[in-house]
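K.L.:
The structure file final_8.txt (compact mmCIF, C-alpha atoms) is provided below.
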# COMPACT_ATOMS: atom_id res chain seq x y z
CA MET A 1 89.40 -143.60 83.99
CA PHE A 2 88.28 -146.98 85.26
CA GLN A 3 84.67 -145.92 85.56
CA ARG A 4 84.60 -144.19 82.18
CA SER A 5 86.09 -147.05 80.17
CA GLY A 6 84.63 -149.95 82.14
CA LEU A 7 86.67 -153.04 82.92
CA LEU A 8 89.04 -152.46 80.00
CA GLY A 9 90.30 -149.43 81.90
CA ASP A 10 91.83 -151.79 84.47
CA ARG A 11 95.34 -152.96 83.53
CA GLY A 12 94.97 -156.38 85.12
CA PHE A 13 91.76 -157.15 83.28
CA ARG A 14 93.24 -155.84 80.00
CA ASN A 15 96.07 -158.35 80.26
CA VAL A 16 93.64 -161.17 81.03
CA PHE A 17 91.50 -159.99 78.11
CA ALA A 18 94.50 -160.03 75.75
CA ALA A 19 95.65 -163.43 77.02
CA THR A 20 92.14 -164.76 76.47
CA ALA A 21 92.08 -163.39 72.93
CA VAL A 22 95.39 -164.99 71.95
CA SER A 23 94.45 -168.27 73.62
CA ALA A 24 91.04 -168.34 71.94
CA ALA A 25 92.58 -167.73 68.52
CA SER A 26 95.06 -170.55 69.08
CA VAL A 27 92.60 -173.08 70.48
CA SER A 28 90.09 -172.36 67.69
CA VAL A 29 92.70 -173.63 65.22
CA ALA A 30 93.30 -176.70 67.38
CA ARG A 31 89.57 -177.36 67.66
CA ILE A 32 89.29 -178.15 63.97
CA ALA A 33 92.78 -179.64 63.67
CA ILE A 34 92.35 -182.29 66.39
CA PRO A 35 89.49 -184.25 64.77
CA LEU A 36 90.94 -183.72 61.29
CA VAL A 37 94.28 -185.22 62.37
CA ALA A 38 92.33 -188.36 63.24
CA VAL A 39 90.02 -188.30 60.21
CA ILE A 40 92.45 -187.25 57.47
CA ALA A 41 96.06 -187.67 58.63
CA LEU A 42 95.55 -190.95 60.51
CA ASP A 43 92.47 -192.16 58.56
CA VAL A 44 90.68 -193.73 61.52
CA GLY A 45 87.01 -194.65 61.87
CA GLY A 46 84.12 -192.83 63.50
CA PHE A 47 84.51 -194.60 66.83
CA GLU A 48 88.19 -193.60 67.07
CA VAL A 49 87.26 -189.99 66.25
CA GLY A 50 84.79 -190.12 69.13
CA LEU A 51 87.53 -191.47 71.42
CA VAL A 52 89.77 -188.50 70.59
CA SER A 53 87.08 -186.13 71.86
CA THR A 54 86.46 -188.47 74.78
CA PHE A 55 90.09 -188.36 75.96
CA LEU A 56 90.09 -184.57 75.64
CA THR A 57 87.34 -184.20 78.25
CA LEU A 58 87.92 -187.36 80.32
CA PRO A 59 90.20 -185.52 82.85
CA PHE A 60 87.17 -183.54 84.06
CA LEU A 61 85.80 -186.86 85.28
CA LEU A 62 89.10 -188.21 86.61
CA ILE A 63 90.64 -185.18 88.34
CA GLY A 64 87.96 -182.49 88.24
CA LEU A 65 87.14 -182.53 91.95
CA PRO A 66 90.72 -182.69 93.32
CA ALA A 67 91.65 -179.86 90.94
CA GLY A 68 89.25 -177.57 92.79
CA VAL A 69 90.98 -178.29 96.08
CA TRP A 70 94.39 -177.42 94.63
CA VAL A 71 93.02 -174.24 93.06
CA ASP A 72 91.81 -173.12 96.50
CA ARG A 73 95.18 -174.05 98.05
CA LEU A 74 97.47 -172.34 95.51
CA GLN A 75 97.76 -168.94 93.83
CA ARG A 76 95.36 -169.07 90.93
CA ARG A 77 97.41 -166.85 88.60
CA ARG A 78 100.38 -169.23 88.87
CA ILE A 79 98.13 -172.13 87.87
CA LEU A 80 96.95 -170.21 84.80
CA ILE A 81 100.51 -169.45 83.66
CA PHE A 82 101.72 -173.02 84.21
CA CYS A 83 98.77 -174.58 82.36
CA GLN A 84 99.13 -172.33 79.31
CA SER A 85 102.84 -173.16 79.07
CA ALA A 86 102.21 -176.89 79.48
CA ARG A 87 99.49 -176.88 76.81
CA ALA A 88 101.85 -175.17 74.37
CA ILE A 89 104.55 -177.79 74.92
CA ILE A 90 102.32 -180.87 74.69
CA LEU A 91 100.61 -179.76 71.47
CA PHE A 92 103.97 -179.08 69.82
CA SER A 93 104.72 -182.81 70.09
CA ILE A 94 102.16 -183.50 67.33
CA PRO A 95 103.98 -181.71 64.48
CA LEU A 96 107.31 -183.01 65.79
CA SER A 97 106.09 -186.60 65.61
CA TRP A 98 104.53 -185.97 62.21
CA TRP A 99 107.78 -184.62 60.80
CA PHE A 100 109.64 -187.74 62.04
CA GLY A 101 106.94 -190.06 60.69
CA VAL A 102 105.99 -191.58 64.06
CA LEU A 103 102.62 -189.95 64.79
CA SER A 104 99.97 -192.51 65.76
CA ILE A 105 96.42 -192.52 67.05
CA TRP A 106 97.77 -193.66 70.43
CA GLN A 107 99.99 -190.60 70.71
CA LEU A 108 97.03 -188.41 69.75
CA TYR A 109 95.01 -190.02 72.55
CA ALA A 110 97.83 -189.32 75.03
CA VAL A 111 98.30 -185.72 73.89
CA VAL A 112 94.63 -184.81 74.14
CA LEU A 113 94.42 -186.54 77.55
CA ILE A 114 97.29 -184.45 78.98
CA PHE A 115 95.99 -181.35 77.22
CA GLY A 116 92.59 -182.02 78.79
CA ALA A 117 94.16 -182.35 82.25
CA CYS A 118 95.71 -178.89 81.83
CA ASN A 119 92.31 -177.61 80.70
CA VAL A 120 90.77 -178.83 83.97
CA PHE A 121 93.12 -176.82 86.16
CA PHE A 122 93.13 -173.80 83.83
CA ASP A 123 89.35 -173.50 83.57
CA VAL A 124 88.72 -173.92 87.30
CA ALA A 125 91.46 -171.42 88.19
CA TYR A 126 90.25 -168.99 85.51
CA GLN A 127 86.68 -168.84 86.83
CA SER A 128 87.88 -168.70 90.44
CA TYR A 129 90.42 -165.90 89.82
CA LEU A 130 88.03 -163.61 87.95
CA PRO A 131 85.80 -162.44 90.87
CA SER A 132 88.83 -161.33 92.92
CA LEU A 133 90.30 -159.56 89.88
CA VAL A 134 87.24 -157.52 88.83
CA GLY A 135 84.98 -157.52 91.90
CA ARG A 136 81.73 -159.42 92.29
CA GLY A 137 79.61 -156.51 91.12
CA ARG A 138 81.22 -156.74 87.66
CA ILE A 139 81.19 -160.51 87.17
CA LEU A 140 78.47 -160.45 84.50
CA GLU A 141 80.28 -157.66 82.59
CA ALA A 142 83.62 -159.49 82.83
CA ASN A 143 82.17 -162.82 81.66
CA ALA A 144 80.36 -161.12 78.79
CA LYS A 145 83.52 -159.30 77.62
CA LEU A 146 85.73 -162.38 77.83
CA THR A 147 83.12 -164.52 76.10
CA SER A 148 82.81 -161.88 73.38
CA VAL A 149 86.49 -162.07 72.50
CA GLN A 150 86.36 -165.86 72.61
CA GLN A 151 83.45 -165.83 70.20
CA VAL A 152 85.22 -163.43 67.84
CA PHE A 153 87.81 -166.13 67.31
CA ALA A 154 85.21 -168.85 67.32
CA VAL A 155 83.88 -167.12 64.20
CA GLY A 156 87.18 -166.57 62.41
CA GLY A 157 89.13 -169.41 63.99
CA PRO A 158 87.54 -172.41 62.26
CA SER A 159 87.84 -170.76 58.86
CA LEU A 160 91.44 -169.83 59.60
CA GLY A 161 92.03 -173.29 61.04
CA GLY A 162 90.60 -174.92 57.94
CA GLN A 163 92.89 -172.84 55.73
CA VAL A 164 95.91 -173.61 57.94
CA VAL A 165 95.11 -177.33 57.88
CA ALA A 166 94.68 -177.23 54.11
CA ALA A 167 97.98 -175.38 53.65
CA LEU A 168 100.16 -177.03 56.29
CA THR A 169 98.32 -180.34 56.99
CA ALA A 170 96.47 -180.91 60.24
CA PRO A 171 99.48 -181.96 62.37
CA VAL A 172 101.59 -178.93 61.41
CA ALA A 173 98.70 -176.58 62.26
CA PHE A 174 99.48 -177.23 65.92
CA VAL A 175 102.62 -175.10 65.61
CA VAL A 176 100.32 -172.08 65.38
CA THR A 177 98.42 -173.19 68.47
CA SER A 178 101.58 -173.81 70.51
CA VAL A 179 103.04 -170.39 69.75
CA GLY A 180 99.75 -168.68 70.63
CA LEU A 181 99.45 -170.45 73.97
CA ALA A 182 103.04 -169.49 74.85
CA VAL A 183 102.24 -165.83 74.11
CA SER A 184 99.10 -166.08 76.25
CA SER A 185 101.20 -167.40 79.13
CA LEU A 186 103.54 -164.41 78.86
CA LEU A 187 100.60 -161.99 78.94
CA LEU A 188 99.30 -163.57 82.14
CA THR A 189 102.66 -162.92 83.81
CA ARG A 190 101.96 -159.19 83.30
CA VAL A 191 98.86 -159.29 85.54
CA ARG A 192 99.89 -157.53 88.74
CA ALA A 193 96.81 -158.43 90.80
CA VAL A 194 98.53 -161.31 92.57
CA GLN A 195 96.40 -163.31 94.98
CA GLU A 196 97.66 -163.68 98.54
CA GLU A 197 98.98 -167.11 99.40
CA PRO A 198 95.93 -169.11 100.58
CA VAL A 199 96.05 -170.39 104.16
CA ARG A 200 95.20 -174.06 104.47
CA PRO A 201 92.95 -174.73 107.51
CA ALA A 202 94.40 -177.01 110.17
CA GLY A 203 93.22 -180.60 109.93
CA SER A 204 91.98 -180.25 106.34
CA ASN A 205 92.46 -183.05 103.84
CA MET A 206 91.60 -183.72 100.22
CA LEU A 207 88.41 -185.72 100.80
CA ARG A 208 87.02 -183.27 103.36
CA GLU A 209 87.71 -180.29 101.09
CA VAL A 210 86.21 -182.02 98.05
CA GLY A 211 83.17 -182.86 100.15
CA ALA A 212 82.70 -179.21 101.12
CA GLY A 213 82.35 -178.23 97.46
CA LEU A 214 79.97 -181.11 96.70
CA ARG A 215 77.77 -180.32 99.70
CA PHE A 216 77.59 -176.62 98.83
CA VAL A 217 76.29 -177.40 95.34
CA HIS A 218 73.94 -180.15 96.51
CA ARG A 219 72.32 -178.00 99.20
CA ASP A 220 71.66 -175.04 96.90
CA ALA A 221 68.74 -175.90 94.62
CA ARG A 222 69.75 -173.17 92.20
CA LEU A 223 73.27 -174.49 91.69
CA PHE A 224 71.96 -178.04 91.46
CA ALA A 225 69.50 -177.04 88.72
CA ILE A 226 72.23 -175.24 86.78
CA ALA A 227 74.40 -178.35 87.04
CA GLY A 228 71.62 -180.58 85.72
CA ALA A 229 70.70 -178.38 82.77
CA THR A 230 74.32 -177.72 81.79
CA ALA A 231 75.27 -181.39 82.07
CA TRP A 232 72.49 -182.44 79.70
CA LEU A 233 73.32 -179.60 77.32
CA ASN A 234 77.00 -180.63 77.24
CA LEU A 235 76.23 -184.33 76.85
CA THR A 236 74.09 -183.77 73.79
CA ALA A 237 76.23 -180.93 72.36
CA TYR A 238 79.38 -183.07 72.32
CA ALA A 239 77.49 -185.93 70.72
CA VAL A 240 76.17 -183.52 68.08
CA TYR A 241 79.62 -182.00 67.43
CA THR A 242 81.26 -185.41 66.97
CA VAL A 243 78.58 -186.55 64.52
CA THR A 244 78.59 -183.18 62.74
CA MET A 245 82.30 -183.52 61.89
CA LEU A 246 81.65 -187.00 60.46
CA PHE A 247 78.58 -185.76 58.59
CA LEU A 248 80.38 -182.81 57.01
CA ALA A 249 83.58 -184.70 56.13
CA ARG A 250 82.25 -188.10 55.03
CA THR A 251 78.58 -187.74 54.16
CA LEU A 252 78.74 -184.31 52.50
CA HIS A 253 82.43 -184.72 51.48
CA LEU A 254 83.34 -181.14 52.37
CA SER A 255 87.02 -180.12 52.30
CA PRO A 256 88.75 -178.99 55.51
CA ALA A 257 88.64 -175.39 54.32
CA LEU A 258 84.89 -175.57 53.61
CA ILE A 259 84.23 -177.25 56.96
CA GLY A 260 86.05 -174.33 58.58
CA VAL A 261 83.84 -171.83 56.73
CA PHE A 262 80.72 -173.75 57.79
CA LEU A 263 81.77 -173.68 61.43
CA SER A 264 82.66 -169.98 61.18
CA VAL A 265 79.22 -169.11 59.81
CA SER A 266 77.64 -171.07 62.66
CA ALA A 267 79.88 -169.36 65.20
CA VAL A 268 78.59 -165.89 64.23
CA GLY A 269 75.55 -166.68 66.37
CA GLY A 270 77.81 -167.31 69.34
CA LEU A 271 79.51 -163.95 68.80
CA LEU A 272 76.16 -162.16 68.73
CA GLY A 273 75.14 -164.07 71.83
CA ALA A 274 78.24 -162.92 73.68
CA PHE A 275 77.51 -159.27 72.87
CA ALA A 276 73.83 -159.63 73.79
CA SER A 277 74.10 -161.88 76.85
CA ARG A 278 74.54 -159.16 79.48
CA ARG A 279 71.67 -157.05 78.11
CA ILE A 280 69.33 -160.06 77.80
CA SER A 281 70.11 -161.31 81.30
CA GLU A 282 69.63 -157.90 82.87
CA LYS A 283 66.38 -157.26 80.95
CA PHE A 284 64.63 -160.59 81.56
CA GLY A 285 66.46 -161.79 84.66
CA PRO A 286 68.92 -164.70 84.78
CA GLY A 287 66.26 -167.31 85.58
CA TYR A 288 63.95 -166.48 82.68
CA THR A 289 66.93 -166.06 80.39
CA MET A 290 68.37 -169.50 81.05
CA TRP A 291 65.31 -171.68 80.55
CA LEU A 292 63.69 -169.63 77.78
CA ILE A 293 66.85 -169.42 75.68
CA LEU A 294 67.33 -173.19 75.93
CA LEU A 295 63.69 -173.86 75.04
CA VAL A 296 63.70 -171.61 71.99
CA GLY A 297 67.20 -172.23 70.65
CA SER A 298 67.72 -176.00 70.94
CA PRO A 299 65.39 -177.16 68.12
CA PHE A 300 67.42 -175.29 65.50
CA ALA A 301 70.10 -178.00 65.75
CA LEU A 302 67.68 -180.28 63.88
CA VAL A 303 67.93 -178.22 60.69
CA LEU A 304 71.33 -179.59 59.59
CA PRO A 305 70.27 -183.23 59.12
CA LEU A 306 66.97 -182.08 57.59
CA VAL A 307 68.27 -179.95 54.74
CA ALA A 308 72.06 -180.19 54.35
CA GLU A 309 72.12 -183.13 51.94
CA ALA A 310 70.27 -180.96 49.42
CA GLY A 311 73.53 -179.00 49.07
CA GLY A 312 73.97 -175.45 47.87
CA TRP A 313 71.98 -172.84 49.75
CA ALA A 314 70.50 -175.48 52.06
CA LEU A 315 73.93 -176.14 53.58
CA TRP A 316 74.30 -172.49 54.52
CA LEU A 317 70.74 -172.36 55.82
CA ALA A 318 71.79 -175.17 58.17
CA ALA A 319 74.90 -173.20 59.15
CA CYS A 320 72.71 -170.21 60.06
CA ALA A 321 70.39 -172.47 62.07
CA ASN A 322 73.42 -173.80 63.94
CA GLY A 323 74.28 -170.15 64.57
CA ILE A 324 70.99 -169.70 66.43
CA THR A 325 71.89 -172.71 68.58
CA ALA A 326 75.32 -171.16 69.21
CA PHE A 327 73.62 -167.88 70.21
CA MET A 328 71.51 -169.81 72.70
CA THR A 329 74.48 -171.69 74.13
CA VAL A 330 76.59 -168.58 74.72
CA VAL A 331 73.82 -166.54 76.34
CA TYR A 332 73.02 -169.49 78.60
CA ASN A 333 76.65 -170.12 79.54
CA VAL A 334 77.48 -166.49 80.35
CA THR A 335 74.41 -166.34 82.58
CA GLN A 336 74.91 -169.66 84.35
CA VAL A 337 78.63 -169.05 85.02
CA SER A 338 77.85 -165.61 86.44
CA CYS A 339 75.14 -167.11 88.67
CA THR A 340 77.54 -169.74 89.97
CA GLN A 341 80.23 -167.18 90.75
CA ALA A 342 77.74 -164.84 92.43
CA LEU A 343 76.39 -167.64 94.62
CA THR A 344 79.77 -168.82 95.92
CA PRO A 345 82.03 -167.32 98.62
CA ASP A 346 85.66 -166.67 97.68
CA GLU A 347 87.12 -169.40 99.84
CA LEU A 348 84.98 -172.03 98.08
CA LEU A 349 85.20 -170.75 94.50
CA GLY A 350 87.80 -173.29 93.39
CA ARG A 351 85.94 -176.25 94.82
CA VAL A 352 82.48 -175.12 93.72
CA ASN A 353 83.68 -174.29 90.21
CA ALA A 354 85.45 -177.65 90.10
CA THR A 355 82.32 -179.43 91.33
CA MET A 356 80.22 -177.71 88.68
CA ARG A 357 82.81 -178.55 86.03
CA PHE A 358 82.90 -182.15 87.26
CA LEU A 359 79.12 -182.49 87.10
CA THR A 360 78.72 -180.69 83.79
CA TRP A 361 81.90 -181.60 81.89
CA SER A 362 82.42 -185.19 82.99
CA VAL A 363 79.53 -186.13 80.70
CA MET A 364 81.39 -184.77 77.66
CA PRO A 365 83.48 -187.93 77.09
CA LEU A 366 80.27 -189.96 77.22
CA GLY A 367 78.63 -187.56 74.78
CA SER A 368 81.55 -187.80 72.34
CA MET A 369 81.59 -191.59 72.63
CA LEU A 370 77.83 -191.86 72.16
CA GLY A 371 78.00 -189.52 69.18
CA GLY A 372 80.77 -191.56 67.55
CA ALA A 373 78.98 -194.83 68.25
CA ALA A 374 75.64 -193.47 67.00
CA GLY A 375 77.29 -192.16 63.84
CA THR A 376 78.81 -195.59 63.19
CA TRP A 377 75.70 -197.64 63.94
CA LEU A 378 72.89 -195.38 62.71
CA GLY A 379 74.65 -193.27 60.09
CA SER A 380 75.64 -189.66 60.68
CA ARG A 381 72.37 -188.11 59.45
CA GLU A 382 70.15 -190.28 61.65
CA ALA A 383 72.51 -189.85 64.60
CA LEU A 384 72.26 -186.07 64.26
CA PHE A 385 68.46 -186.29 64.56
CA VAL A 386 68.69 -188.38 67.72
CA CYS A 387 71.40 -186.33 69.45
CA ALA A 388 69.96 -182.91 68.54
CA GLY A 389 66.46 -184.01 69.54
CA ALA A 390 67.71 -185.09 72.96
CA GLY A 391 69.32 -181.66 73.40
CA CYS A 392 65.88 -180.01 73.28
CA LEU A 393 65.20 -181.27 76.84
CA ALA A 394 67.96 -179.25 78.54
CA PHE A 395 65.66 -176.48 79.82
CA PHE A 396 63.67 -178.70 82.21
CA PRO A 397 65.96 -178.53 85.32
CA ILE A 398 65.92 -174.71 85.26
CA LEU A 399 62.16 -174.55 84.63
CA PHE A 400 61.40 -176.67 87.69
CA SER A 401 63.75 -174.87 90.08
CA PRO A 402 63.79 -171.63 92.13
CA LEU A 403 65.67 -170.04 89.24
CA ARG A 404 62.59 -170.14 87.03
CA THR A 405 61.41 -166.60 87.81
CA MET A 406 64.60 -165.09 89.26
CA LYS A 407 64.97 -161.45 88.22
CA GLN A 408 68.45 -160.60 89.53
CA LEU A 409 71.77 -162.37 89.94
CA PRO A 410 71.61 -164.38 93.17
CA SER A 411 74.03 -163.92 96.03
CA PHE A 412 75.06 -165.85 99.12
CA LYS A 413 74.62 -164.39 102.61
CA GLY A 414 77.07 -161.61 103.33
CA ASP A 415 77.80 -161.08 99.64
CA GLU A 416 76.98 -157.40 99.78
CA THR A 417 80.02 -156.75 101.95
CA SER A 418 82.40 -158.81 99.89
CA ASN A 419 81.07 -157.30 96.67
CA GLY A 420 81.82 -153.81 97.83
CA ALA A 421 85.29 -154.65 99.06
CA ALA A 422 86.20 -156.57 95.94
CA GLY A 423 84.84 -153.89 93.68
CA ALA A 424 86.80 -151.21 95.48
CA ALA A 425 89.97 -153.27 95.25
CA ALA A 426 89.45 -153.79 91.53
CA ALA A 427 88.87 -150.07 91.00
CA ARG A 428 92.17 -149.24 92.64
Please re-express this file's structure in structure tokens.

P.N.:
Amino acid sequence: MFQRSGLLGDRGFRNVFAATAVSAASVSVARIAIPLVAVIALDVGGFEVGLVSTFLTLPFLLIGLPAGVWVDRLQRRRILIFCQSARAIILFSIPLSWWFGVLSIWQLYAVVLIFGACNVFFDVAYQSYLPSLVGRGRILEANAKLTSVQQVFAVGGPSLGGQVVAALTAPVAFVVTSVGLAVSSLLLTRVRAVQEEPVRPAGSNMLREVGAGLRFVHRDARLFAIAGATAWLNLTAYAVYTVTMLFLARTLHLSPALIGVFLSVSAVGGLLGAFASRRISEKFGPGYTMWLILLVGSPFALVLPLVAEAGGWALWLAACANGITAFMTVVYNVTQVSCTQALTPDELLGRVNATMRFLTWSVMPLGSMLGGAAGTWLGSREALFVCAGAGCLAFFPILFSPLRTMKQLPSFKGDETSNGAAGAAAAR
């Protein structure tokens, strides 16, 4: 049964798949509601909107590395369940405060900061738990399937989110998100593949364990190149997203519902990328796939500031161009995450994933802040040109690394043995 139906034939992966689907649907509503709470409900300026996105990703800089140590010390499934529950509770405080008339930009900063801290632990634990759940030989398939369901809701979520915000107001839309995250937490409790309690080595401490993850990434030129390319891509992408929200809402004066439709049209490219990522990576090799897709796809982000002010069909041409950029981003991310997981031994997965997240996500607050500042000082259209143009350089670290011509997913020494054992365990 397992072999005939692929990973979806495994009960544990099905529950993770369902939890991912519910979580993705919920977070996609929050993704549009968070900036619109600041822009519409609280009526703050562009710099404050940038700060909201900054606080959301700042925890990756503040606690990203220690989070990896704790993920390697604790059962990863428990971390996933706790983080989903905590995210549900903290987001529910927004509609509560709104109903009582006490919601402020300072509370929004605090909520997204705590929410971001939960994201740090959840994302590191998620990527570290997956190889032991499905087996290393199926990492690419698992990442592609989970990314596919995430992209399904990335397509429909913004449109749904825009309609929910329009109907309920942005603060109340978080009720939907909170309920969804609570359901996702319950689904994760149904996963029976429970990790054994990790054994902490004698004499270990936080700094030494953090250092082990940092050294592993630094000494592997392939991981280091992935970190560099992904960091630059995230820096510029978050700057572009922040300015795009300002551009759509204040320069083009689109309604929340229409902004949601625009983002949904753009997200179709990400959905197609999720479905195609495994086939593309296996056909061209992960190395070629990563740098070529970045080289070809990045310039399409320049279409929005070029044509959108013409209105009408030009706006939707820009949405389709953004879809090509989304296609690029998803294919690249599925491939680079799979490479990172394949290169890392189980006992270091938490720390290496945390190190990669630290290096690649800690730039997001800076990107959001730079995008907000550029939108304020240059104007949103000009800022989009600058930020999107900078994003076109992301392929260089991969091009000038050993990954450039790599034809197969890499592996660390001794991986063949662990792959077989993990795969057999997953099949059972």

K.L.:
If you measure from CA of Pro365 (chain A) to CA of Leu91 (chain A), what distance in Å do you get, rounded to one decimal?

P.N.:
19.8 Å

K.L.:
Measure the distance from CA of Ile226 (chain A) to CA of Val210 (chain A) in Å and round it to one decimal.

P.N.:
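Those two atoms sit 19.2 Å apart.
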
K.L.:
Calculate how many Å separate CA of Ala25 (chain A) from CA of Val243 (chain A), rounding to one decimal.

P.N.:
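That distance, rounded to one decimal, is 23.8 Å.
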
K.L.:
Find the spatial neighbours of Phe300 (chain A), counting only C-alpha atoms, within a cut-off of 10 Å - ignore same-chain residues fewer than 4 positions away - and output them as a PyMOL selection string.

P.N.:
chain A and resi 296+304+318+320-326+328+388-389+392

K.L.:
Within 12 Å of (72.5, -178.8, 54.2) in the file's own coordinates, which protein, DNA or RNA residues have an atom, counting all atoms listed in the file? List them as a ChimeraX atom specification.

P.N.:
/A:244,247-248,251-254,262,301-322,381

K.L.:
Identify which of the residues A:Lys283, A:Arg404, A:Arg73, A:Arg78 lies closest to Val191 (chain A), counting all atoms listed in the file when measuring atom-to-atom distances.

P.N.:
A:Arg78

K.L.:
Looking at A:Leu366, A:Ile63, A:Ala394, A:Ile139, which one is nearest to Ala342 (chain A), with distances taken over all atoms listed in the file?

P.N.:
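The shortest atom-to-atom distance to Ala342 (chain A) comes from A:Ile139.
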
K.L.:
Tell me which of A:Gln150, A:Gln75, A:Ser132, A:Thr57 sits closest to Leu113 (chain A), counting only C-alpha atoms.

P.N.:
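Smallest distance to Leu113 (chain A) is found for A:Thr57.
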
K.L.:
Considering all atoms listed in the file, state which residue in the set A:Val261, A:Met364, A:Cys83, A:Cys387 is at the smallest distance from Leu186 (chain A).

P.N.:
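Of all the options, A:Cys83 lies closest to Leu186 (chain A).
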
K.L.:
Quick one: of A:Ala229, A:Ile398, A:Leu133, A:Ile280, who's nearest to Val334 (chain A), counting all atoms listed in the file?

P.N.:
A:Ile280

K.L.:
Mind checking which residues fall within 6 Å of Gly213 (chain A), counting only C-alpha atoms, ignoring those fewer than 3 positions away in the same chain, and posting them as a CSV table (one decimal) with C-alpha atoms, keeping the file's coordinate frame?

P.N.:
chain,number,residue,atom,x,y,z
A,210,VAL,CA,86.2,-182.0,98.0
A,216,PHE,CA,77.6,-176.6,98.8
A,351,ARG,CA,85.9,-176.2,94.8
A,352,VAL,CA,82.5,-175.1,93.7

K.L.:
Given all atoms listed in the file as the basis, pick out the residue of A:Thr405, A:Ser28, A:Thr289, A:Thr340 nearest to Gln151 (chain A).

P.N.:
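Using all atoms listed in the file, the shortest distance to Gln151 (chain A) belongs to A:Ser28.
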
K.L.:
Show which residues sit within 10 Å of Asn143 (chain A), as an MDAnalysis selection string. Count all atoms listed in the file, and ignore same-chain residues fewer than 5 positions away.

P.N.:
chainID A and resid 127 130:131 138 148 274 277:278 333:335 337:338

K.L.:
I need every residue sitting at most 9 Å from the point (89.5, -160.0, 70.2) (coordinates as in the file, all atoms listed in the file considered), written as a list in words.

P.N.:
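Output: Phe17, Ala18, Thr20, Ala21, Val22, Ala24, Ala25, Leu146, Ser148, Val149, Gln150, Gln151, Val152 and Phe153 of chain A.
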